[in-house]
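Below is start-v2.txt, which holds compact mmCIF, C-alpha atoms.
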```
# COMPACT_ATOMS: atom_id res chain seq x y z
CA MET A 273 -47.63 -136.90 45.14
CA THR A 274 -46.90 -133.23 45.45
CA ASP A 275 -44.69 -131.66 42.92
CA GLY A 276 -44.76 -128.17 44.25
CA ASP A 277 -41.14 -128.44 45.28
CA ARG A 278 -39.97 -129.57 41.88
CA GLN A 279 -37.73 -127.11 40.11
CA ALA A 280 -38.36 -126.12 36.57
CA PRO A 281 -36.18 -127.96 34.11
CA GLY A 282 -33.62 -126.03 32.17
CA ALA A 283 -30.00 -125.07 32.00
CA LEU A 284 -28.33 -123.68 35.07
CA PRO A 285 -26.42 -120.40 34.73
CA ALA A 286 -22.91 -121.06 33.47
CA ARG A 287 -21.57 -119.32 36.57
CA VAL A 288 -23.05 -122.02 38.79
CA VAL A 289 -21.69 -124.77 36.58
CA ARG A 290 -18.25 -123.24 36.71
CA ALA A 291 -18.46 -122.92 40.47
CA ALA A 292 -19.52 -126.55 40.73
CA ARG A 293 -16.65 -127.67 38.52
CA ALA A 294 -14.14 -125.55 40.38
CA ALA A 295 -15.35 -126.83 43.72
CA HIS A 296 -15.31 -130.36 42.47
CA GLY A 297 -11.85 -130.02 41.03
CA ALA A 298 -10.41 -128.29 44.03
CA ARG A 299 -11.74 -131.02 46.25
CA GLY A 300 -11.26 -134.02 44.05
CA ALA A 301 -10.51 -137.16 46.02
CA HIS A 302 -6.83 -136.78 45.17
CA GLY A 303 -6.78 -133.02 44.87
CA GLN A 304 -5.81 -133.21 41.19
CA ALA A 305 -9.10 -133.44 39.34
CA PRO A 306 -8.58 -130.45 37.03
CA ARG A 307 -5.77 -132.32 35.27
CA LEU A 308 -7.95 -135.29 34.43
CA ASP A 309 -9.69 -133.57 31.51
CA ASP A 310 -6.37 -132.76 29.83
CA LEU A 311 -4.99 -136.21 30.55
CA LEU A 312 -8.00 -137.89 28.94
CA ILE A 313 -7.49 -135.83 25.80
CA ASP A 314 -3.91 -137.12 25.67
CA VAL A 315 -5.06 -140.69 26.33
CA ALA A 316 -7.34 -140.44 23.29
CA ARG A 317 -4.15 -140.01 21.26
CA GLY A 318 -2.66 -143.19 22.66
CA ASP A 319 -0.43 -141.41 25.20
CA GLU A 320 0.60 -144.17 27.61
CA GLN A 321 2.11 -141.89 30.24
CA ALA A 322 -1.11 -139.92 30.38
CA TYR A 323 -3.03 -143.17 30.80
CA GLU A 324 -0.90 -144.20 33.76
CA ALA A 325 -1.60 -140.83 35.37
CA VAL A 326 -5.32 -141.31 34.70
CA TYR A 327 -5.14 -144.75 36.31
CA ASP A 328 -3.46 -143.28 39.39
CA LEU A 329 -6.06 -140.52 39.63
CA ALA A 330 -9.24 -142.40 38.89
CA SER A 331 -8.85 -146.11 39.73
CA GLY A 332 -9.51 -145.42 43.43
CA TRP A 333 -12.72 -143.56 42.68
CA VAL A 334 -13.88 -146.32 40.37
CA LEU A 335 -13.01 -149.08 42.83
CA GLY A 336 -14.71 -147.24 45.70
CA ALA A 337 -17.92 -146.73 43.77
CA ALA A 338 -17.88 -150.33 42.52
CA ARG A 339 -17.41 -151.64 46.05
CA LYS A 340 -20.34 -149.65 47.34
CA VAL A 341 -22.59 -151.00 44.63
CA LEU A 342 -21.31 -154.58 44.43
CA ARG A 343 -20.37 -155.26 48.06
CA ASP A 344 -17.92 -157.86 46.89
CA PRO A 345 -14.27 -156.75 46.88
CA ALA A 346 -13.16 -159.24 44.21
CA MET A 347 -16.00 -158.38 41.87
CA ALA A 348 -15.38 -154.67 42.48
CA GLU A 349 -11.74 -155.13 41.45
CA GLU A 350 -12.84 -156.82 38.24
CA VAL A 351 -15.22 -153.99 37.48
CA MET A 352 -12.51 -151.42 38.22
CA GLN A 353 -10.17 -153.14 35.76
CA GLU A 354 -12.89 -153.33 33.12
CA VAL A 355 -13.76 -149.67 33.58
CA MET A 356 -10.13 -148.55 33.38
CA LEU A 357 -9.83 -150.53 30.14
CA GLU A 358 -12.96 -148.76 28.86
CA VAL A 359 -11.40 -145.42 29.77
CA TRP A 360 -8.44 -146.25 27.52
CA ARG A 361 -10.64 -147.61 24.75
CA ARG A 362 -13.24 -144.87 24.77
CA ALA A 363 -11.06 -141.85 25.62
CA SER A 364 -11.74 -140.28 22.23
CA ARG A 365 -15.42 -140.10 23.19
CA PHE A 366 -14.68 -137.81 26.12
CA ASP A 367 -15.65 -134.24 25.29
CA PRO A 368 -14.74 -131.62 27.91
CA ALA A 369 -17.52 -129.41 26.56
CA LEU A 370 -20.09 -131.94 27.79
CA GLY A 371 -18.83 -132.34 31.36
CA SER A 372 -15.80 -133.02 33.51
CA GLY A 373 -13.49 -135.99 33.08
CA THR A 374 -14.44 -137.11 36.56
CA ALA A 375 -18.12 -137.26 35.63
CA TRP A 376 -17.26 -139.09 32.41
CA VAL A 377 -15.20 -141.75 34.17
CA MET A 378 -17.71 -142.15 36.99
CA THR A 379 -20.61 -142.48 34.56
CA LEU A 380 -18.79 -145.40 32.92
CA ALA A 381 -17.92 -146.84 36.33
CA HIS A 382 -21.37 -146.62 37.86
CA ARG A 383 -23.17 -147.99 34.86
CA ARG A 384 -20.79 -150.94 34.67
CA ALA A 385 -21.15 -151.65 38.40
CA VAL A 386 -24.93 -151.40 38.25
CA ASP A 387 -25.17 -153.65 35.19
CA ARG A 388 -23.03 -156.18 37.02
CA VAL A 389 -24.99 -156.10 40.28
CA ARG A 390 -28.25 -156.48 38.37
CA SER A 391 -27.03 -159.47 36.45
CA GLU A 392 -25.77 -161.01 39.72
CA ARG A 393 -29.14 -160.37 41.31
CA SER A 394 -31.02 -161.93 38.44
CA HIS A 395 -28.69 -164.94 38.54
CA SER A 396 -29.04 -165.53 42.24
CA ASP A 397 -32.67 -164.44 42.16
CA ARG A 398 -32.10 -162.79 45.45
CA GLU A 399 -35.01 -161.33 47.32
CA LEU A 400 -35.00 -157.56 46.92
CA ARG A 401 -35.71 -156.97 50.55
CA ALA A 402 -32.71 -158.92 51.72
CA ALA A 403 -30.49 -156.07 50.64
CA THR A 404 -32.48 -153.14 51.96
CA ALA A 405 -30.95 -153.21 55.40
CA VAL A 406 -27.42 -152.87 54.11
CA VAL A 407 -28.04 -150.19 51.50
CA ASP A 408 -29.35 -147.66 53.88
CA TYR A 409 -28.27 -144.11 54.25
CA ASP A 410 -26.81 -144.91 57.67
CA GLU A 411 -24.31 -147.17 56.01
CA VAL A 412 -23.16 -144.27 53.90
CA THR A 413 -22.74 -141.97 56.87
CA GLU A 414 -20.83 -144.62 58.76
CA ALA A 415 -18.15 -144.95 56.12
CA VAL A 416 -14.94 -144.92 58.08
CA GLU A 417 -12.11 -143.19 56.23
CA ALA A 418 -13.30 -139.63 56.47
CA SER A 419 -11.83 -137.54 53.72
CA LEU A 420 -12.64 -133.95 52.91
CA GLU A 421 -14.52 -135.03 49.82
CA ARG A 422 -16.47 -137.62 51.74
CA GLU A 423 -17.40 -135.16 54.46
CA ARG A 424 -18.48 -132.60 51.93
CA VAL A 425 -20.73 -135.05 50.13
CA GLN A 426 -22.13 -136.32 53.41
CA ARG A 427 -22.91 -132.79 54.47
CA CYS A 428 -24.69 -132.13 51.21
CA LEU A 429 -26.63 -135.39 51.44
CA THR A 430 -28.05 -134.22 54.75
CA SER A 431 -29.48 -131.16 53.00
CA LEU A 432 -31.82 -133.49 51.10
CA THR A 433 -35.21 -134.49 52.48
CA PRO A 434 -35.15 -138.01 53.95
CA LEU A 435 -37.15 -139.37 51.01
CA GLN A 436 -34.90 -137.68 48.44
CA ARG A 437 -31.86 -139.04 50.24
CA GLN A 438 -33.19 -142.57 50.37
CA CYS A 439 -34.16 -142.49 46.72
CA VAL A 440 -30.76 -141.18 45.63
CA SER A 441 -28.79 -143.52 47.91
CA LEU A 442 -30.73 -146.67 47.06
CA ALA A 443 -30.32 -145.92 43.37
CA TYR A 444 -26.66 -144.88 43.37
CA TYR A 445 -25.22 -147.11 46.09
CA GLY A 446 -27.76 -149.91 45.91
CA GLY A 447 -28.02 -150.15 42.14
CA TYR A 448 -31.81 -150.32 42.25
CA THR A 449 -34.13 -149.02 39.56
CA TYR A 450 -36.67 -146.38 40.51
CA ALA A 451 -39.37 -149.04 40.24
CA GLU A 452 -37.51 -151.24 42.73
CA VAL A 453 -36.91 -148.28 45.03
CA ALA A 454 -40.64 -147.55 44.88
CA GLU A 455 -41.37 -151.11 45.92
CA LEU A 456 -38.79 -151.05 48.70
CA LEU A 457 -40.06 -147.80 50.15
CA GLY A 458 -43.74 -148.37 49.43
CA VAL A 459 -43.97 -145.08 47.54
CA PRO A 460 -45.47 -144.50 44.07
CA ALA A 461 -42.93 -144.84 41.25
CA GLY A 462 -43.71 -141.35 39.97
CA THR A 463 -42.81 -139.88 43.35
CA VAL A 464 -39.54 -141.77 43.41
CA LYS A 465 -38.64 -140.47 39.94
CA THR A 466 -39.19 -136.86 40.93
CA ARG A 467 -37.43 -137.26 44.27
CA MET A 468 -34.38 -138.67 42.52
CA ARG A 469 -34.27 -135.67 40.24
CA ASP A 470 -34.98 -133.14 42.99
CA GLY A 471 -32.41 -134.80 45.24
CA LEU A 472 -29.70 -134.61 42.60
CA ILE A 473 -30.53 -130.97 41.86
CA LYS A 474 -30.20 -130.17 45.55
CA LEU A 475 -26.97 -132.11 45.77
CA ARG A 476 -25.63 -130.29 42.74
CA ASP A 477 -26.50 -126.90 44.20
CA CYS A 478 -24.98 -127.79 47.56
CA LEU A 479 -21.76 -129.15 46.06
CA GLY A 480 -21.55 -126.20 43.71
CA VAL A 481 -21.75 -123.42 46.26
CA GLN A 482 -19.87 -125.00 49.14
CA ARG A 483 -16.17 -124.28 49.16
CA MET B 799 -39.34 -131.94 27.38
CA THR B 800 -41.03 -132.72 24.14
CA SER B 801 -44.78 -132.63 24.19
CA ASP B 802 -45.07 -136.21 22.94
CA ASP B 803 -43.93 -137.65 26.24
CA PRO B 804 -44.28 -135.19 29.11
CA ASP B 805 -43.39 -137.91 31.58
CA LEU B 806 -40.00 -138.55 30.07
CA HIS B 807 -38.32 -135.48 31.44
CA THR B 808 -38.95 -136.48 35.05
CA LEU B 809 -36.75 -139.49 34.31
CA ALA B 810 -33.61 -137.28 34.26
CA GLY B 811 -32.63 -138.07 37.85
CA ALA B 812 -33.27 -141.79 37.56
CA PHE B 813 -31.37 -141.83 34.27
CA VAL B 814 -28.31 -140.17 35.78
CA LEU B 815 -28.44 -142.60 38.72
CA ASP B 816 -28.69 -145.55 36.30
CA ALA B 817 -31.98 -146.36 38.01
CA VAL B 818 -33.87 -147.10 34.82
CA SER B 819 -34.51 -150.25 32.85
CA ALA B 820 -32.52 -150.90 29.68
CA ASP B 821 -35.57 -149.97 27.65
CA GLU B 822 -36.06 -146.66 29.45
CA ARG B 823 -32.36 -145.94 29.18
CA ALA B 824 -32.56 -146.27 25.41
CA ARG B 825 -35.76 -144.21 25.16
CA PHE B 826 -34.35 -141.45 27.32
CA ALA B 827 -31.06 -141.40 25.40
CA ALA B 828 -33.05 -140.97 22.18
CA HIS B 829 -35.01 -138.16 23.83
CA LEU B 830 -31.74 -136.47 24.86
CA ALA B 831 -30.52 -136.38 21.29
CA GLY B 832 -33.25 -133.88 20.45
CA CYS B 833 -33.37 -131.89 23.70
CA ALA B 834 -30.49 -129.49 24.35
CA ALA B 835 -31.91 -128.31 27.69
CA CYS B 836 -32.15 -131.92 28.85
CA ARG B 837 -28.54 -132.57 27.87
CA ALA B 838 -27.44 -129.53 29.88
CA GLU B 839 -29.38 -130.72 32.90
CA ILE B 840 -28.06 -134.28 32.61
CA SER B 841 -24.51 -133.02 32.39
CA GLU B 842 -24.90 -131.01 35.60
CA LEU B 843 -26.64 -133.80 37.48
CA ARG B 844 -23.86 -136.17 36.40
CA GLU B 845 -21.31 -134.01 38.16
CA ALA B 846 -23.32 -134.32 41.36
CA ALA B 847 -23.79 -138.07 40.96
CA ALA B 848 -20.06 -138.49 40.29
CA SER B 849 -19.34 -136.99 43.71
CA LEU B 850 -21.39 -139.76 45.31
CA GLY B 851 -18.91 -142.18 43.78
CA THR B 852 -15.63 -140.31 44.23
CA ALA B 853 -16.53 -139.74 47.88
CA GLN B 854 -16.15 -143.50 48.36
CA ALA B 855 -12.62 -143.67 46.93
CA VAL B 856 -10.42 -146.47 48.21
CA ARG B 857 -6.87 -147.28 47.26
CA PRO B 858 -6.67 -150.25 44.88
CA ARG B 859 -4.20 -153.03 45.61
CA PRO B 860 -0.90 -152.01 43.98
CA GLU B 861 -0.67 -155.44 42.26
CA LEU B 862 -3.63 -154.48 40.05
CA ARG B 863 -1.88 -151.51 38.48
CA GLU B 864 0.54 -153.14 36.06
CA PRO B 865 -1.79 -155.83 34.64
CA THR B 866 -4.60 -153.32 34.16
CA ILE B 867 -2.38 -150.83 32.38
CA ARG B 868 -0.75 -153.54 30.27
CA ALA B 869 -4.17 -154.90 29.27
CA ALA B 870 -5.10 -151.42 28.07
CA TYR B 871 -2.01 -151.15 25.87
CA ARG B 872 -2.96 -154.43 24.22
CA THR B 873 -6.39 -153.03 23.41
CA GLY B 874 -7.25 -150.84 20.46
CA GLN B 875 -8.80 -147.43 20.95
CA LEU B 876 -12.00 -146.14 19.42
CA ALA B 877 -11.45 -143.53 16.76
CA PRO B 878 -12.78 -140.06 17.52
CA VAL B 879 -16.26 -139.27 16.21
CA THR B 880 -15.38 -136.09 14.39
CA ALA B 881 -17.00 -136.69 11.03
CA GLY B 882 -17.11 -133.42 9.14
CA LYS B 883 -15.82 -131.12 11.83
CA GLN B 884 -12.69 -130.74 13.83
CA ARG B 885 -13.12 -130.88 17.55
CA ARG B 886 -11.37 -128.08 19.36
CA THR B 887 -9.94 -129.25 22.62
CA ARG B 888 -9.58 -127.25 25.76
CA ARG B 889 -5.97 -126.61 24.89
CA GLY B 890 -6.96 -125.15 21.56
CA ARG B 891 -5.48 -128.04 19.65
CA THR B 892 -7.55 -129.91 17.16
CA ALA B 893 -8.11 -133.57 17.76
CA GLY B 894 -8.66 -136.49 15.54
CA ARG B 895 -8.74 -135.76 11.87
CA PRO B 896 -5.20 -134.91 10.87
CA ARG B 897 -3.94 -137.92 12.80
CA ALA B 898 -6.67 -140.16 11.44
CA ILE B 899 -5.96 -139.12 7.87
CA ARG B 900 -2.27 -139.82 8.27
CA ALA B 901 -3.08 -143.18 9.80
CA VAL B 902 -5.47 -144.11 7.01
CA ALA B 903 -2.89 -143.13 4.42
CA ALA B 904 -0.30 -145.24 6.20
CA ALA B 905 -2.72 -148.16 6.41
CA ALA B 906 -3.57 -147.89 2.73
CA ALA B 907 0.13 -148.01 1.90
CA VAL B 908 0.65 -151.02 4.13
CA ILE B 909 -2.34 -152.80 2.61
CA ALA B 910 -1.14 -152.05 -0.90
CA VAL B 911 2.30 -153.45 -0.18
CA ALA B 912 1.02 -156.42 1.80
CA ALA B 913 -1.60 -157.32 -0.80
CA GLY B 914 1.13 -157.87 -3.34
CA VAL B 915 2.87 -160.47 -1.23
CA ALA B 916 -0.05 -162.05 0.51
CA VAL B 917 -0.20 -165.26 -1.50
CA GLY B 918 -0.28 -168.17 0.88
CA THR B 919 -1.97 -166.35 3.72
CA HIS B 920 -4.59 -168.52 5.36
CA TYR B 921 -7.95 -166.90 5.53
CA ALA B 922 -10.77 -167.33 7.97
CA ASP B 923 -12.80 -169.08 5.31
CA GLN B 924 -9.91 -171.53 4.79
CA ARG B 925 -10.19 -171.35 1.01
CA GLY B 926 -6.55 -170.51 0.84
CA GLN B 927 -6.89 -168.02 -1.97
CA GLN B 928 -6.95 -164.27 -2.15
CA PRO B 929 -10.64 -163.53 -1.81
CA PRO B 930 -11.97 -160.56 -3.72
CA THR B 931 -13.83 -159.50 -0.59
CA VAL B 932 -10.83 -157.74 0.95
CA SER B 933 -11.58 -154.83 -1.32
CA VAL B 934 -15.26 -155.03 -0.39
CA VAL B 935 -14.32 -154.37 3.24
CA LEU B 936 -11.80 -151.67 2.43
CA SER B 937 -14.26 -149.79 0.25
CA ALA B 938 -17.32 -150.27 2.46
CA PRO B 939 -18.86 -146.89 3.31
CA ASP B 940 -18.91 -147.79 7.00
CA ALA B 941 -15.37 -149.17 7.10
CA VAL B 942 -13.56 -148.11 10.26
CA MET B 943 -9.86 -148.47 10.85
CA ARG B 944 -8.30 -149.17 14.22
CA SER B 945 -4.67 -149.72 15.00
CA ALA B 946 -2.83 -150.88 18.07
CA PRO B 947 0.73 -151.77 18.94
CA VAL B 948 1.53 -155.47 19.22
CA SER B 949 2.92 -156.17 22.67
CA THR B 950 5.80 -158.24 21.28
CA GLY B 951 6.64 -155.65 18.63
CA GLY B 952 5.10 -154.16 15.53
CA MET B 953 1.77 -152.63 14.76
CA ALA B 954 -1.56 -154.18 13.84
CA ILE B 955 -4.40 -152.60 11.90
CA VAL B 956 -7.96 -153.79 11.47
CA VAL B 957 -10.32 -152.30 8.93
CA ALA B 958 -13.82 -153.51 9.76
CA SER B 959 -17.22 -153.06 8.23
CA ARG B 960 -20.16 -153.77 10.49
CA HIS B 961 -22.46 -153.84 7.53
CA GLU B 962 -20.39 -156.51 5.80
CA HIS B 963 -19.69 -158.36 9.08
CA MET B 964 -16.10 -158.58 7.96
CA GLY B 965 -12.74 -157.16 8.79
CA VAL B 966 -9.30 -157.08 7.25
CA PHE B 967 -6.28 -157.58 9.47
CA ILE B 968 -2.80 -156.40 8.56
CA ALA B 969 0.33 -155.97 10.61
CA HIS B 970 3.86 -154.80 10.13
CA GLY B 971 6.99 -155.22 12.19
CA LEU B 972 5.81 -158.54 13.64
CA PRO B 973 8.67 -160.52 15.16
CA PRO B 974 9.28 -163.86 13.42
CA LEU B 975 8.26 -166.98 15.35
CA PRO B 976 10.10 -170.28 15.78
CA ARG B 977 9.00 -172.90 13.24
CA ALA B 978 6.89 -174.73 15.79
CA ARG B 979 4.71 -171.65 16.40
CA SER B 980 2.20 -169.66 14.36
CA TYR B 981 0.27 -166.48 14.75
CA GLU B 982 -3.45 -167.13 14.91
CA LEU B 983 -6.28 -164.64 14.57
CA TRP B 984 -9.41 -164.77 16.72
CA LEU B 985 -12.75 -163.14 16.97
CA MET B 986 -13.19 -162.44 20.65
CA GLY B 987 -16.51 -161.17 21.87
CA PRO B 988 -19.84 -161.92 23.48
CA GLY B 989 -20.05 -165.09 21.37
CA GLY B 990 -16.82 -166.43 22.86
CA ASP B 991 -13.45 -166.84 21.17
CA ARG B 992 -13.64 -168.14 17.60
CA PRO B 993 -10.60 -168.99 15.47
CA ALA B 994 -10.27 -166.63 12.51
CA GLY B 995 -7.39 -168.22 10.69
CA LEU B 996 -3.62 -168.55 10.89
CA LEU B 997 -1.60 -165.48 9.98
CA ARG B 998 1.56 -165.91 7.98
CA VAL B 999 4.30 -163.38 8.51
CA HIS B 1000 6.40 -162.53 5.49
CA GLY B 1001 10.14 -162.03 5.59
CA ASN B 1002 9.79 -158.30 6.03
CA GLY B 1003 7.60 -158.62 9.15
CA MET B 1004 4.42 -157.83 7.21
CA ALA B 1005 1.34 -159.95 7.62
CA GLY B 1006 -1.98 -159.96 5.83
CA PRO B 1007 -4.25 -158.69 4.52
CA ALA B 1008 -6.23 -161.47 6.17
CA LEU B 1009 -9.96 -161.43 5.75
CA ILE B 1010 -11.99 -162.13 8.83
CA SER B 1011 -15.64 -162.96 8.27
CA GLY B 1012 -18.51 -163.50 10.67
CA MET B 1013 -17.77 -160.45 12.82
CA SER B 1014 -20.67 -159.42 14.97
CA ALA B 1015 -21.26 -156.45 17.24
CA GLY B 1016 -18.92 -156.44 20.21
CA ASP B 1017 -16.36 -158.71 18.59
CA MET B 1018 -12.72 -157.78 18.89
CA VAL B 1019 -9.95 -159.15 16.71
CA GLY B 1020 -7.21 -160.81 18.73
CA LEU B 1021 -3.86 -162.26 17.73
CA THR B 1022 -2.14 -165.01 19.73
CA VAL B 1023 0.91 -167.20 19.33
CA GLU B 1024 -0.12 -170.87 18.95
CA PRO B 1025 1.40 -174.20 17.98
CA ALA B 1026 2.21 -174.20 14.26
CA SER B 1027 -0.96 -176.00 13.26
CA GLY B 1028 -3.15 -173.57 15.16
CA SER B 1029 -5.53 -174.10 18.07
CA LEU B 1030 -9.26 -174.27 18.48
CA ARG B 1031 -9.07 -172.02 21.53
CA PRO B 1032 -6.40 -169.47 22.36
CA THR B 1033 -3.66 -171.06 24.48
CA SER B 1034 -1.82 -167.83 25.23
CA ALA B 1035 -2.71 -164.23 26.00
CA PRO B 1036 -3.33 -162.07 22.91
CA VAL B 1037 -0.35 -160.01 21.79
CA VAL B 1038 -2.84 -157.50 20.45
CA MET B 1039 -6.59 -156.97 20.57
CA ILE B 1040 -8.43 -154.50 18.39
CA GLY B 1041 -12.10 -153.52 18.58
CA GLN B 1042 -14.41 -152.71 15.72
```
Take the structure in the file and write it out as structure tokens.
Amino acid sequence: MTDGDRQAPGALPARVVRAARAAHGARGAHGQAPRLDDLLIDVARGDEQAYEAVYDLASGWVLGAARKVLRDPAMAEEVMQEVMLEVWRRASRFDPALGSGTAWVMTLAHRRAVDRVRSERSHSDRELRAATAVVDYDEVTEAVEASLERERVQRCLTSLTPLQRQCVSLAYYGGYTYAEVAELLGVPAGTVKTRMRDGLIKLRDCLGVQR
Amino acid sequence: MTSDDPDLHTLAGAFVLDAVSADERARFAAHLAGCAACRAEISELREAAASLGTAQAVRPRPELREPTIRAAYRTGQLAPVTAGKQRRTRRGRTAGRPRAIRAVAAAAAVIAVAAGVAVGTHYADQRGQQPPTVSVVLSAPDAVMRSAPVSTGGMAIVVASRHEHMGVFIAHGLPPLPRARSYELWLMGPGGDRPAGLLRVHGNGMAGPALISGMSAGDMVGLTVEPASGSLRPTSAPVVMIGQ
């Protein structure tokens, strides 16, 4: 594998982070993302009104991500409900200094969805390859309801190399581990690991600068 | 980025995408604890990964809203992890400690009052006597207090010690039940629902302290309304659930 294109690890200038946050907030799926951080702080204090607002803001994101990963609408609804309960329960663990509320909620959501899809896979002992066809990048681009946010992310995904894109998509939307992705794509695991990181860095830079 | 495991840092992307095994997840999380630069990178990559999810937003069925929100209100919240320092929020307010201290003081008062009138409370160990272990839980160095409103009225408090595998349940303002019904405590968790004793409510709406033993990680304490003699499995939805 060639690692010449890998960027050096380290913190990004605060300016870029701010730009990324601002862009993200301004283009949040419901156009209200900046409020989520404050709402979560209120939820941590048991504020029920704030929690209802958080539900209205974030449940659609959580459900959408869960559906992509699980491909089963009923199971995705269960995961969404579990995640929203976790948001209430764990709100005191949210620290705005460590990242946006959106990233916090989506980290909970994705991990829960992935854990669920993996346990389903191990139960049904499904053949890995059976799923490859449906968890392709094409599927992502063909998503119907085009929103601004969706278009923006799609555009940024196309700035990745095909291998980076496949690695990121199979992991995020397919719920596969890097080792499974390596097997699916017939690429060394080390390469997959670095492409996932490089792909996310590129995605971050693209989302951060694009307004 | 520590020299002991040069390979670990390349895992940052896979970690953020949840594309690691449980073992690697744990190892990388441990690595993060000692690597500030890694934490900064992870936090930025998480913002990017979150966009992959939010870009897929769909509108949930409206019927899901009320039950989900109601379930949350029946669930206790984790206390802030602010040991030793006050966390300054974005609004410049301080979170956690002042409220926690007030709550602990209130709980201590409730426990003190309830302990004096608790004769006759049924305990999880069914010995029917005030066990000395209530104080063991309350004074355990790792004791954590959680409170949550009871959906039918009143407030419930659980003080739990993971080390002791025990908790103490108290409540105030509980509505009285008809004679044919009783409040019953449960341990609800990965090990299934286990009965944790009937809870007697005193004339003033106070209940407990009831000792709950055999708590394991992930267990929540639930309270349901059951037939007067109690049930082996909950027959109604919990009126309150509180985590450890």
### Query
Which residue out of B:Ala820, B:Leu806, B:Ala855, B:Met986 has the minimum interatomic distance to chain A when only C-alpha atoms are used?
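Of all the options, B:Ala855 lies closest to chain A.
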### Task
Name the closest residue to Ser431 in chain A among the candidates A:Glu392, A:Gly471, A:Tyr450, A:Val334; distances are taken between atoms, counting all atoms listed in the file.
A:Gly471
### Query
If we count all atoms listed in the file, what is near range 968-978 of chain B at a cut-off of 8 Å, once residues fewer than 4 positions away on the same chain are taken out, given as a list in words?
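Counting only the stated atoms, we get Val908, Ile909, Ala912, Val948, Thr950, Gly951, Gly952, Met953, Ala954, Ile955, Val956, Val999, Asn1002, Gly1003, Met1004, Ala1005, Gly1006, Pro1007, Ala1008, Pro1025 and Ala1026 of chain B.
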### Message
I'd like the interatomic distance between CA of Asp940 in chain B and CA of Glu982 in chain B, to a tenth of an Å.
### Response
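For CA of Asp940 in chain B relative to CA of Glu982 in chain B, the distance reads 26.0 Å.
From CA of Met1039 in chain B back to CA of His963 in chain B, the distance works out to 17.5 Å.
Picture a line from CA of Ser391 in chain A to CA of Arg343 in chain A; it runs 14.0 Å.
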